[in-house]
$ cat final-v2.cif   # mmCIF, C-alpha atoms
data_query
#
loop_
_atom_site.label_atom_id
_atom_site.label_comp_id
_atom_site.auth_asym_id
_atom_site.auth_seq_id
_atom_site.Cartn_x
_atom_site.Cartn_y
_atom_site.Cartn_z
CA MET A 1 90.49 57.39 103.46
CA ILE A 2 88.83 60.73 103.03
CA ARG A 3 88.10 62.74 106.14
CA GLU A 4 86.38 66.07 106.63
CA PHE A 5 88.20 69.39 106.52
CA GLY A 6 87.38 70.67 109.98
CA LEU A 7 88.57 72.87 112.79
CA ILE A 8 91.36 70.45 113.70
CA ASP A 9 92.84 70.82 110.19
CA ILE A 10 92.73 74.59 110.46
CA MET A 11 94.55 74.31 113.78
CA TYR A 12 97.19 72.13 112.15
CA LEU A 13 97.65 74.66 109.36
CA VAL A 14 98.03 77.51 111.83
CA ALA A 15 100.53 75.40 113.76
CA ALA A 16 102.46 74.70 110.54
CA ALA A 17 102.77 78.45 110.01
CA ARG A 18 105.28 78.51 112.86
CA TRP A 19 107.71 76.61 110.61
CA THR A 20 107.15 79.22 107.94
CA LEU A 21 108.04 81.89 110.50
CA ALA A 22 111.00 79.88 111.82
CA LEU A 23 112.41 79.42 108.31
CA THR A 24 111.82 83.12 107.62
CA ALA A 25 113.73 84.05 110.77
CA VAL A 26 116.69 81.79 109.97
CA ALA A 27 116.71 82.91 106.33
CA PHE A 28 116.55 86.55 107.36
CA ALA A 29 119.45 86.15 109.78
CA GLY A 30 121.57 84.47 107.10
CA SER A 31 120.56 87.02 104.47
CA ALA A 32 121.33 89.88 106.83
CA VAL A 33 124.89 88.74 107.59
CA LEU A 34 125.73 88.03 103.94
CA GLY A 35 123.76 91.05 102.72
CA LEU A 36 125.55 93.49 105.00
CA ALA A 37 128.91 92.16 103.80
CA LEU A 38 127.78 92.52 100.17
CA ALA A 39 126.46 96.04 100.70
CA ILE A 40 129.76 97.13 102.23
CA LEU A 41 131.82 95.38 99.53
CA ARG A 42 129.74 97.25 96.95
CA ILE A 43 130.77 100.67 98.28
CA LEU A 44 134.41 100.00 99.15
CA PRO A 45 137.00 101.83 97.06
CA VAL A 46 138.49 98.50 95.94
CA ALA A 47 137.32 97.70 92.42
CA PRO A 48 137.75 93.88 92.38
CA LEU A 49 135.69 93.54 95.59
CA ARG A 50 132.98 95.76 94.14
CA TRP A 51 132.91 93.67 90.95
CA PHE A 52 132.75 90.45 92.92
CA ALA A 53 129.78 91.65 94.95
CA ALA A 54 128.03 93.07 91.89
CA THR A 55 128.51 89.80 89.96
CA TYR A 56 127.20 87.76 92.87
CA ILE A 57 124.09 89.93 93.09
CA GLN A 58 123.48 89.80 89.33
CA LEU A 59 123.93 86.05 89.34
CA VAL A 60 121.54 85.39 92.21
CA GLN A 61 118.93 87.89 91.05
CA GLY A 62 119.07 86.36 87.57
CA THR A 63 118.17 82.81 88.61
CA PRO A 64 114.98 81.47 90.18
CA LEU A 65 114.90 80.64 93.86
CA LEU A 66 113.74 77.11 92.95
CA VAL A 67 117.02 76.52 91.12
CA TRP A 68 118.98 77.60 94.20
CA LEU A 69 116.94 75.31 96.43
CA PHE A 70 117.65 72.32 94.19
CA LEU A 71 121.30 73.23 93.60
CA ILE A 72 121.93 73.36 97.34
CA PHE A 73 119.80 70.31 98.06
CA PHE A 74 121.65 68.18 95.50
CA GLY A 75 124.97 70.03 95.52
CA LEU A 76 125.95 70.00 99.19
CA PRO A 77 125.91 66.17 99.40
CA LEU A 78 128.41 66.15 96.49
CA ALA A 79 130.70 68.24 98.66
CA GLY A 80 130.36 65.63 101.38
CA ILE A 81 127.89 67.58 103.50
CA SER A 82 124.75 65.64 104.26
CA VAL A 83 121.70 67.86 104.16
CA ASN A 84 118.17 67.71 105.40
CA PRO A 85 115.51 70.06 103.98
CA TRP A 86 116.08 72.46 106.90
CA ILE A 87 119.75 73.07 106.10
CA ALA A 88 119.19 73.17 102.35
CA ALA A 89 116.35 75.67 102.69
CA ALA A 90 118.25 77.84 105.19
CA VAL A 91 121.34 77.99 102.95
CA ALA A 92 119.39 78.57 99.72
CA PHE A 93 117.24 81.31 101.23
CA SER A 94 120.28 82.99 102.77
CA ILE A 95 122.02 83.09 99.39
CA TYR A 96 118.88 84.31 97.67
CA GLY A 97 117.95 86.88 100.30
CA SER A 98 121.46 88.29 100.66
CA ALA A 99 121.45 89.44 97.04
CA PHE A 100 118.27 91.46 97.61
CA LEU A 101 119.18 92.78 101.07
CA GLY A 102 122.65 93.65 99.74
CA GLU A 103 121.12 95.84 97.06
CA ILE A 104 118.61 97.44 99.45
CA TRP A 105 121.28 98.24 102.01
CA ARG A 106 123.77 99.46 99.44
CA GLY A 107 121.08 101.92 98.35
CA ALA A 108 120.69 103.10 101.93
CA LEU A 109 124.46 103.45 102.38
CA VAL A 110 125.03 105.47 99.20
CA SER A 111 122.09 107.74 100.05
CA ILE A 112 124.18 109.25 102.86
CA ALA A 113 125.85 112.43 101.65
CA LYS A 114 129.50 112.28 100.72
CA THR A 115 130.22 115.15 103.10
CA GLN A 116 129.38 112.83 106.00
CA TRP A 117 132.25 110.52 104.98
CA GLU A 118 134.55 113.50 104.61
CA ALA A 119 133.52 114.91 107.98
CA GLY A 120 134.38 111.55 109.54
CA ALA A 121 137.71 111.42 107.74
CA SER A 122 138.60 114.95 108.81
CA LEU A 123 137.99 113.91 112.42
CA GLY A 124 140.65 111.27 111.91
CA LEU A 125 138.31 108.27 111.72
CA SER A 126 139.48 105.31 109.68
CA LEU A 127 137.30 103.95 106.86
CA GLY A 128 135.91 101.27 109.15
CA GLU A 129 135.17 103.78 111.89
CA GLN A 130 133.45 106.13 109.43
CA LEU A 131 131.18 103.26 108.41
CA ARG A 132 130.59 102.08 111.94
CA TYR A 133 129.97 105.42 113.68
CA VAL A 134 128.83 107.81 110.95
CA ILE A 135 127.36 106.13 107.90
CA ILE A 136 125.61 102.97 109.10
CA PRO A 137 123.69 104.59 112.00
CA GLN A 138 122.25 107.18 109.62
CA SER A 139 121.43 104.73 106.85
CA ILE A 140 119.56 102.31 109.14
CA ARG A 141 116.62 104.69 109.30
CA ILE A 142 116.40 104.76 105.52
CA ALA A 143 116.90 101.01 105.20
CA ILE A 144 114.15 99.89 107.58
CA PRO A 145 111.01 100.36 105.42
CA PRO A 146 112.34 98.43 102.36
CA THR A 147 113.81 95.79 104.68
CA VAL A 148 110.39 95.17 106.21
CA GLY A 149 109.01 95.00 102.66
CA PHE A 150 111.64 92.40 101.83
CA LEU A 151 110.58 90.40 104.87
CA VAL A 152 107.15 90.05 103.30
CA GLN A 153 108.76 88.70 100.12
CA LEU A 154 110.74 86.27 102.22
CA ILE A 155 107.68 84.94 104.06
CA LYS A 156 105.91 84.36 100.75
CA ASN A 157 108.97 82.76 99.16
CA THR A 158 109.42 80.26 101.99
CA SER A 159 106.39 78.53 100.42
CA LEU A 160 108.82 77.22 97.79
CA ALA A 161 110.64 75.21 100.46
CA ALA A 162 107.63 72.88 100.26
CA VAL A 163 109.00 71.42 97.00
CA ILE A 164 112.09 69.98 98.70
CA GLY A 165 109.90 68.43 101.39
CA PHE A 166 110.23 71.09 104.06
CA VAL A 167 106.98 70.91 106.02
CA GLU A 168 105.80 74.47 106.47
CA LEU A 169 102.45 76.10 105.79
CA THR A 170 102.20 75.34 102.06
CA ARG A 171 103.44 71.75 102.41
CA GLU A 172 101.03 71.16 105.29
CA GLY A 173 98.34 72.57 102.99
CA GLN A 174 99.28 70.05 100.28
CA LEU A 175 99.14 67.20 102.78
CA THR A 176 95.79 68.36 104.18
CA ALA A 177 94.36 68.81 100.68
CA ALA A 178 95.43 65.28 99.77
CA GLY A 179 93.85 63.88 102.94
CA THR A 180 90.55 65.74 102.93
CA TYR A 181 90.06 66.18 99.20
CA LYS A 182 88.91 69.76 99.83
CA PRO A 183 91.69 71.64 98.00
CA PHE A 184 89.79 74.90 97.60
CA ALA A 185 88.91 75.24 101.28
CA VAL A 186 92.41 74.19 102.31
CA TYR A 187 94.29 76.58 100.03
CA ILE A 188 91.96 79.48 100.84
CA THR A 189 92.76 78.86 104.51
CA VAL A 190 96.47 78.70 103.70
CA ALA A 191 96.23 81.95 101.73
CA CYS A 192 94.40 83.61 104.63
CA ILE A 193 97.14 82.59 107.07
CA TYR A 194 99.82 83.99 104.76
CA PHE A 195 97.80 87.16 104.40
CA ALA A 196 97.50 87.45 108.18
CA MET A 197 101.28 87.24 108.48
CA CYS A 198 102.19 89.50 105.56
CA PHE A 199 99.57 92.24 105.55
CA PRO A 200 100.48 93.76 108.95
CA LEU A 201 104.13 93.89 107.86
CA THR A 202 103.16 95.53 104.56
CA GLN A 203 101.15 98.16 106.41
CA TRP A 204 103.97 98.71 108.89
CA SER A 205 106.51 99.14 106.09
CA ARG A 206 104.20 101.68 104.45
CA SER A 207 103.68 103.71 107.60
CA LEU A 208 107.44 103.73 108.26
CA GLU A 209 107.95 105.00 104.74
CA ARG A 210 105.44 107.79 105.25
CA LYS A 211 107.09 108.84 108.52
CA LEU A 212 110.45 108.93 106.80
CA ASP A 213 109.03 111.13 104.03
CA VAL A 214 107.71 113.61 106.58
CA ALA A 215 110.96 113.66 108.53
CA ARG A 216 113.01 114.56 105.49
CA MET B 217 134.23 58.55 97.26
CA LYS B 218 134.97 61.35 94.90
CA TYR B 219 132.27 62.64 92.61
CA GLY B 220 133.15 63.71 89.08
CA LEU B 221 130.86 66.25 87.45
CA GLN B 222 129.58 65.02 84.14
CA PHE B 223 127.53 67.17 81.81
CA ARG B 224 127.47 64.95 78.73
CA ASP B 225 124.16 63.26 79.48
CA VAL B 226 122.56 66.57 80.34
CA PHE B 227 123.61 68.18 77.09
CA ALA B 228 122.39 65.10 75.23
CA ALA B 229 118.89 65.98 76.42
CA TRP B 230 119.04 69.44 74.87
CA GLU B 231 115.77 68.94 73.00
CA SER B 232 113.68 68.55 76.17
CA ILE B 233 115.48 71.54 77.65
CA LEU B 234 114.82 73.68 74.58
CA ASP B 235 111.11 72.76 74.69
CA GLY B 236 111.12 73.97 78.29
CA VAL B 237 112.70 77.27 77.26
CA TRP B 238 109.86 77.88 74.79
CA ILE B 239 107.19 77.23 77.40
CA THR B 240 108.97 79.52 79.87
CA LEU B 241 109.12 82.26 77.23
CA LEU B 242 105.47 81.69 76.32
CA LEU B 243 104.37 81.90 79.96
CA SER B 244 106.46 85.05 80.50
CA LEU B 245 105.14 86.83 77.41
CA VAL B 246 101.49 85.99 78.13
CA ALA B 247 101.90 87.11 81.73
CA MET B 248 103.68 90.34 80.73
CA VAL B 249 101.04 91.34 78.17
CA GLY B 250 98.08 90.28 80.30
CA GLY B 251 99.56 91.62 83.53
CA LEU B 252 100.35 94.97 81.95
CA ALA B 253 96.81 95.24 80.55
CA ILE B 254 95.29 94.49 83.96
CA GLY B 255 97.77 96.81 85.62
CA ILE B 256 96.88 99.73 83.35
CA LEU B 257 93.13 99.18 83.76
CA CYS B 258 93.34 98.80 87.53
CA ALA B 259 95.70 101.74 87.94
CA ALA B 260 93.35 103.93 85.91
CA ALA B 261 90.42 102.69 88.01
CA ARG B 262 92.36 103.34 91.19
CA THR B 263 93.47 106.83 90.15
CA TYR B 264 90.39 108.17 88.32
CA GLY B 265 87.58 105.77 89.29
CA PRO B 266 84.78 106.12 91.86
CA ALA B 267 85.45 105.26 95.49
CA TRP B 268 83.86 101.78 95.48
CA LEU B 269 85.91 100.74 92.44
CA ARG B 270 89.07 102.09 94.03
CA ARG B 271 88.37 99.98 97.09
CA ILE B 272 87.86 96.79 95.06
CA VAL B 273 91.09 97.32 93.13
CA GLY B 274 92.89 98.10 96.38
CA ALA B 275 91.66 94.84 97.92
CA TYR B 276 92.75 92.88 94.81
CA VAL B 277 96.23 94.38 94.97
CA GLU B 278 96.65 93.73 98.70
CA ILE B 279 95.34 90.16 98.58
CA ILE B 280 97.60 89.15 95.71
CA ARG B 281 100.68 90.92 97.01
CA ASN B 282 100.39 89.41 100.47
CA THR B 283 100.00 85.74 99.47
CA PRO B 284 102.52 83.46 97.74
CA LEU B 285 102.31 82.80 94.01
CA LEU B 286 102.55 79.06 94.68
CA VAL B 287 99.38 79.12 96.79
CA GLN B 288 97.60 81.20 94.12
CA LEU B 289 98.59 78.58 91.54
CA PHE B 290 97.33 75.74 93.75
CA LEU B 291 94.03 77.55 94.33
CA ILE B 292 93.40 77.92 90.62
CA PHE B 293 94.69 74.53 89.53
CA PHE B 294 93.53 72.30 92.41
CA GLY B 295 90.82 74.48 93.95
CA LEU B 296 88.70 75.58 91.00
CA PRO B 297 87.76 72.03 89.90
CA SER B 298 85.64 71.90 93.08
CA PHE B 299 83.39 74.37 91.25
CA GLY B 300 83.49 72.43 88.01
CA VAL B 301 86.15 74.67 86.42
CA ARG B 302 88.79 72.26 85.24
CA LEU B 303 91.84 73.87 83.66
CA ASP B 304 94.96 72.26 82.24
CA GLY B 305 98.23 73.21 83.88
CA LEU B 306 99.37 75.67 81.25
CA THR B 307 96.09 77.61 81.25
CA ALA B 308 95.94 77.66 85.04
CA ALA B 309 99.53 78.91 85.21
CA MET B 310 98.84 81.64 82.65
CA ILE B 311 95.78 82.83 84.58
CA ALA B 312 97.60 82.76 87.91
CA LEU B 313 100.62 84.62 86.54
CA VAL B 314 98.49 87.28 84.83
CA ILE B 315 96.48 87.86 88.01
CA ASN B 316 99.67 87.92 90.09
CA LEU B 317 101.63 90.26 87.85
CA GLY B 318 98.55 92.46 87.37
CA ALA B 319 98.58 93.36 91.06
CA TYR B 320 102.24 94.37 90.99
CA THR B 321 101.95 96.35 87.75
CA THR B 322 98.88 98.16 89.12
CA GLU B 323 101.07 99.67 91.82
CA ILE B 324 103.88 100.47 89.39
CA VAL B 325 101.58 102.09 86.82
CA ARG B 326 99.79 104.05 89.54
CA ALA B 327 103.11 105.43 90.81
CA GLY B 328 103.97 106.32 87.22
CA LEU B 329 100.70 108.19 86.73
CA GLU B 330 101.24 110.06 89.97
CA ALA B 331 104.75 111.02 88.89
CA VAL B 332 103.30 113.41 86.29
CA PRO B 333 103.16 116.85 87.97
CA LYS B 334 99.61 118.07 88.60
CA ALA B 335 100.49 121.50 87.23
CA GLN B 336 101.11 119.99 83.78
CA ILE B 337 97.68 118.38 83.76
CA GLU B 338 96.09 121.67 84.84
CA ALA B 339 98.07 123.48 82.13
CA GLY B 340 96.60 121.06 79.57
CA HIS B 341 93.07 121.67 80.82
CA SER B 342 93.57 125.43 80.73
CA LEU B 343 94.60 125.14 77.07
CA GLY B 344 91.18 123.65 76.43
CA LEU B 345 92.23 120.02 76.02
CA SER B 346 89.65 117.39 76.95
CA GLY B 347 90.38 114.81 79.64
CA LEU B 348 91.26 112.20 77.05
CA GLN B 349 93.51 114.61 75.17
CA VAL B 350 95.32 115.55 78.37
CA PHE B 351 95.87 111.86 79.05
CA ARG B 352 96.96 111.16 75.47
CA TYR B 353 99.31 114.12 74.95
CA ILE B 354 100.51 115.03 78.44
CA VAL B 355 100.27 112.11 80.86
CA VAL B 356 101.06 108.93 78.90
CA PHE B 357 104.63 109.52 77.77
CA PRO B 358 106.25 110.88 80.96
CA ALA B 359 104.29 108.35 83.02
CA LEU B 360 105.56 105.48 80.86
CA LYS B 361 109.08 106.80 81.16
CA ALA B 362 108.81 107.02 84.95
CA MET B 363 107.39 103.52 85.34
CA PHE B 364 109.54 101.73 82.76
CA PRO B 365 112.55 100.74 84.93
CA ALA B 366 110.37 99.36 87.73
CA LEU B 367 108.21 97.55 85.19
CA ALA B 368 111.25 96.03 83.50
CA SER B 369 112.69 94.64 86.73
CA GLN B 370 109.26 93.32 87.76
CA PHE B 371 109.01 91.55 84.39
CA VAL B 372 112.41 89.88 84.88
CA LEU B 373 111.38 88.74 88.37
CA LEU B 374 108.18 87.36 86.86
CA MET B 375 110.09 85.45 84.19
CA LEU B 376 112.08 83.77 86.96
CA ALA B 377 108.92 83.17 88.97
CA THR B 378 107.31 81.24 86.08
CA SER B 379 109.51 78.36 87.28
CA VAL B 380 106.92 77.84 90.02
CA ALA B 381 104.47 76.68 87.32
CA SER B 382 106.48 73.46 87.12
CA GLN B 383 104.81 72.53 90.41
CA ILE B 384 101.46 72.10 88.66
CA SER B 385 103.10 70.00 85.94
CA VAL B 386 103.55 72.74 83.34
CA GLN B 387 106.37 71.56 81.08
CA ASP B 388 108.50 74.68 81.44
CA LEU B 389 112.27 74.98 81.71
CA PHE B 390 112.29 73.98 85.36
CA HIS B 391 110.08 70.98 84.69
CA ALA B 392 112.46 69.93 81.89
CA ALA B 393 115.16 69.82 84.54
CA SER B 394 113.29 67.26 86.60
CA ILE B 395 112.67 65.12 83.51
CA VAL B 396 116.34 65.14 82.55
CA GLN B 397 117.27 64.53 86.17
CA SER B 398 115.08 61.43 86.41
CA ARG B 399 116.59 60.14 83.18
CA THR B 400 120.26 60.79 83.96
CA PHE B 401 120.47 61.06 87.78
CA ARG B 402 122.84 63.99 87.24
CA ASP B 403 120.84 66.33 89.50
CA PHE B 404 123.52 68.87 90.35
CA GLU B 405 124.66 69.17 86.75
CA VAL B 406 121.09 69.50 85.48
CA TYR B 407 120.22 72.32 87.84
CA THR B 408 123.50 74.09 87.07
CA VAL B 409 122.68 74.06 83.37
CA ILE B 410 119.09 75.16 84.00
CA GLY B 411 120.32 77.94 86.28
CA VAL B 412 122.69 79.20 83.59
CA LEU B 413 119.85 79.17 81.06
CA TYR B 414 117.58 81.17 83.37
CA LEU B 415 120.45 83.60 83.91
CA ALA B 416 120.87 83.94 80.13
CA LEU B 417 117.13 84.59 79.76
CA ALA B 418 117.23 87.18 82.55
CA ILE B 419 120.22 88.95 80.99
CA GLY B 420 118.50 88.79 77.60
CA PHE B 421 115.31 90.35 78.92
CA ARG B 422 117.24 93.02 80.82
CA GLY B 423 119.17 93.88 77.66
CA LEU B 424 115.99 93.99 75.61
CA PHE B 425 114.25 96.30 78.07
CA ALA B 426 117.31 98.56 78.27
CA LEU B 427 117.34 98.74 74.46
CA ILE B 428 113.62 99.61 74.32
CA TYR B 429 114.16 102.31 76.94
CA ARG B 430 117.04 103.81 74.97
CA LEU B 431 115.13 103.75 71.69
CA VAL B 432 111.85 105.12 73.02
CA PHE B 433 112.67 107.41 75.92
CA VAL B 434 116.19 108.77 75.44
CA ARG B 435 116.68 111.38 72.77
#

$ encode --input "final-v2.cif" --output "structure tokens"
Amino acid sequence: MIREFGLIDIMYLVAAARWTLALTAVAFAGSAVLGLALAILRILPVAPLRWFAATYIQLVQGTPLLVWLFLIFFGLPLAGISVNPWIAAAVAFSIYGSAFLGEIWRGALVSIAKTQWEAGASLGLSLGEQLRYVIIPQSIRIAIPPTVGFLVQLIKNTSLAAVIGFVELTREGQLTAAGTYKPFAVYITVACIYFAMCFPLTQWSRSLERKLDVAR
Amino acid sequence: MKYGLQFRDVFAAWESILDGVWITLLLSLVAMVGGLAIGILCAAARTYGPAWLRRIVGAYVEIIRNTPLLVQLFLIFFGLPSFGVRLDGLTAAMIALVINLGAYTTEIVRAGLEAVPKAQIEAGHSLGLSGLQVFRYIVVFPALKAMFPALASQFVLLMLATSVASQISVQDLFHAASIVQSRTFRDFEVYTVIGVLYLALAIGFRGLFALIYRLVFVR
């Protein structure tokens, strides 16, 4: 049965975008926790921890996100954990995102002058306290613009969750295209919705960057 | 029930996997060459061109960079036939990847061009060099050097992103995985092997780019 591609379909697509945003939010939260740990491991004065974090990042950045999605989707059941597309996508995106956020945040952490660490140490702060009270607060300002930029990447990449059957914007687009047989109109609409989500973030990231340049 | 990993059947299908590697390499190389060409043209247009051309290039870059590659692929592969343009998967993927990478390289090349200090360009002009000569002898080399690392990492990301082409039935490395999977039912093992192969390709490309950088730019 072929039906028309009408307003109701556009509404459905817009509604499906909320799952794109929900997956982005969950993936970002997971990536942030893992990424912060990785960034800190990368700057600790303990070589094996640094190597571990560096290897993890190289490994994840050297394989496609699709492979991670399928590895998790098929791999977790082998470990006795039953997965639905939600869990598989959340785990895969957290692994993938943490490697990128880890690198971004490491960059922000190492951009803080060494004298700041030394000043903290000379005040009697422990390594953890130096990080917590001196280094991280200063590096957040530097980290925000590229983090917002990464968020755009994440929104776009959640489209790949469609291939393991996660119904978000792209998957809804596939279903609508199959039902209405108007693929061009459907995918243009889908692209427009992605653009509407990503472009404001891109602009925001850029303006934050400019402000940071002026402040320095 | 305990599951024992078994790679034998996967390795037995090495011929399908190798075919996939070739297609992945082909897609990557076409996209790199085409994307770089578009990037250079668009960056030149955006830096030296008239205002209307700058605006068109700017819109191209923003539209591509703010929409997913998968949707771009679907538009070209499933959408264009509505206008009578019917492409096979491989051609559609090549076009989509070139257009996609072109937008990213435009920004990288533009940043590279802007990294050349204005004073050097003015110095060239004051020595009586023409615009083309200034570009040829003063701008190109330092700009290439400035943009090379960003370009290299973008190329590696692109090579990994070619896996998305499998979704429009291009027989690349990732598609080979699903064929072997349907034949052997060893899904986890298949995707482990494919992941390792992608990693090897990524490391190979990174090494190659590092070598080129050392040979060309470090003296």

$ closest_atom_pairs --input "final-v2.cif" --of "chain B" --to "chain A" --cutoff "6 Å" --atoms "only C-alpha atoms" --output "CSV"
residue,atom,partner,partner_atom,distance
B:Asn282,CA,A:Phe195,CA,5.2
B:Thr283,CA,A:Tyr194,CA,5.6
B:Pro284,CA,A:Lys156,CA,4.6
B:Leu291,CA,A:Tyr187,CA,5.8
B:Phe294,CA,A:Pro183,CA,5.9
B:Gly295,CA,A:Phe184,CA,3.8
B:Leu376,CA,A:Pro64,CA,4.9
B:Phe404,CA,A:Gly75,CA,5.5
B:Tyr407,CA,A:Leu71,CA,5.9
B:Gly411,CA,A:Thr63,CA,5.8
B:Tyr414,CA,A:Thr63,CA,5.5
B:Leu415,CA,A:Gly62,CA,4.8
B:Ala418,CA,A:Gly62,CA,5.4

$ atom_distance --input "final-v2.cif" --atom1 "CA of Arg171 in chain A" --atom2 "CA of Leu373 in chain B"
23.4 Å

$ atom_distance --input "final-v2.cif" --atom1 "CA of Ala261 in chain B" --atom2 "CA of Arg326 in chain B"
9.6 Å

$ atom_distance --input "final-v2.cif" --atom1 "CA of Ala54 in chain A" --atom2 "CA of Ile419 in chain B"
14.0 Å

$ resolve_selection --input "final-v2.cif" --expression "the PyMOL selection byres ((chain B and resi 367) around 9)" --output "list in words"
Leu252, Tyr320, Thr321, Ile324, Val325, Met363, Phe364, Pro365, Ala366, Ala368, Ser369, Gln370, Phe371 and Val372 of chain B

$ resolve_selection --input "final-v2.cif" --expression "the PyMOL selection byres ((chain B and resi 330) around 12)" --output "ChimeraX atom specification"
/B:259-260,262-264,323-329,331-337,355-356,358-360,362-363

$ closest_atom_pairs --input "final-v2.cif" --of "range 343-386 of chain B" --to "range 236-251 of chain B" --cutoff "8 Å" --atoms "all atoms listed in the file" --output "Markdown table"
| residue | atom | partner | partner_atom | distance |
| --- | --- | --- | --- | --- |
| B:Phe371 | CA | B:Met248 | CA | 6.6 |
| B:Leu374 | CA | B:Ser244 | CA | 7.0 |
| B:Met375 | CA | B:Ser244 | CA | 5.2 |
| B:Thr378 | CA | B:Thr240 | CA | 6.7 |
| B:Ser379 | CA | B:Thr240 | CA | 7.5 |

$ write_last_selection --input "final-v2.cif" --atoms "C-alpha atoms" --output "PDB file, in the frame of the given file"
ATOM      1  CA  PHE B 371     109.010  91.550  84.390  1.00  0.00           C
ATOM      2  CA  LEU B 374     108.180  87.360  86.860  1.00  0.00           C
ATOM      3  CA  MET B 375     110.090  85.450  84.190  1.00  0.00           C
ATOM      4  CA  THR B 378     107.310  81.240  86.080  1.00  0.00           C
ATOM      5  CA  SER B 379     109.510  78.360  87.280  1.00  0.00           C
TER       6      SER B 379
END

$ resolve_selection --input "final-v2.cif" --expression "the PyMOL selection byres ((chain A and resi 26) around 12)" --output "ChimeraX atom specification"
/A:19-25,27-33,86-95,97,151,154-155,158

$ residues_around --input "final-v2.cif" --residues "Val110 in chain A" --least-positions-apart "3" --cutoff "12 Å" --atoms "all atoms listed in the file" --output "compact mmCIF listing (two decimals) with C-alpha atoms, keeping the file's coordinate frame"
# COMPACT_ATOMS: atom_id res chain seq x y z
CA ALA A 39 126.46 96.04 100.70
CA ILE A 40 129.76 97.13 102.23
CA ARG A 42 129.74 97.25 96.95
CA ILE A 43 130.77 100.67 98.28
CA LEU A 44 134.41 100.00 99.15
CA GLU A 103 121.12 95.84 97.06
CA ILE A 104 118.61 97.44 99.45
CA TRP A 105 121.28 98.24 102.01
CA ARG A 106 123.77 99.46 99.44
CA GLY A 107 121.08 101.92 98.35
CA ALA A 113 125.85 112.43 101.65
CA LYS A 114 129.50 112.28 100.72
CA THR A 115 130.22 115.15 103.10
CA GLN A 116 129.38 112.83 106.00
CA TRP A 117 132.25 110.52 104.98
CA LEU A 131 131.18 103.26 108.41
CA ILE A 135 127.36 106.13 107.90
CA ILE A 136 125.61 102.97 109.10
CA GLN A 138 122.25 107.18 109.62
CA SER A 139 121.43 104.73 106.85
CA ILE A 140 119.56 102.31 109.14
CA ILE A 142 116.40 104.76 105.52
CA ALA A 143 116.90 101.01 105.20

$ closest_residue --input "final-v2.cif" --among "A:Arg18, A:Ala99, A:Ile112, A:Ser205" --to "Gln130 in chain A" --atoms "all atoms listed in the file"
A:Ile112

$ build_atoms --input "final-v2.cif" --residues "range 388-396 of chain B" --atoms "N, CA, C and O atoms" --output "compact mmCIF listing (two decimals), keeping the file's coordinate frame"
# COMPACT_ATOMS: atom_id res chain seq x y z
N ASP B 388 107.62 73.55 81.70
CA ASP B 388 108.50 74.68 81.44
C ASP B 388 109.95 74.26 81.65
O ASP B 388 110.25 73.08 81.80
N LEU B 389 110.84 75.27 81.61
CA LEU B 389 112.27 74.98 81.71
C LEU B 389 112.60 74.23 82.99
O LEU B 389 113.40 73.28 82.99
N PHE B 390 111.97 74.65 84.10
CA PHE B 390 112.29 73.98 85.36
C PHE B 390 111.78 72.55 85.38
O PHE B 390 112.43 71.65 85.93
N HIS B 391 110.64 72.33 84.76
CA HIS B 391 110.08 70.98 84.69
C HIS B 391 110.99 70.10 83.83
O HIS B 391 111.21 68.93 84.14
N ALA B 392 111.52 70.67 82.74
CA ALA B 392 112.46 69.93 81.89
C ALA B 392 113.62 69.42 82.73
O ALA B 392 114.10 68.30 82.53
N ALA B 393 114.05 70.25 83.69
CA ALA B 393 115.16 69.82 84.54
C ALA B 393 114.82 68.53 85.28
O ALA B 393 115.64 67.60 85.33
N SER B 394 113.60 68.46 85.82
CA SER B 394 113.29 67.26 86.60
C SER B 394 113.16 66.04 85.70
O SER B 394 113.46 64.92 86.12
N ILE B 395 112.73 66.25 84.44
CA ILE B 395 112.67 65.12 83.51
C ILE B 395 114.07 64.60 83.21
O ILE B 395 114.34 63.40 83.30
N VAL B 396 114.97 65.54 82.87
CA VAL B 396 116.34 65.14 82.55
C VAL B 396 117.00 64.51 83.77
O VAL B 396 117.73 63.52 83.66
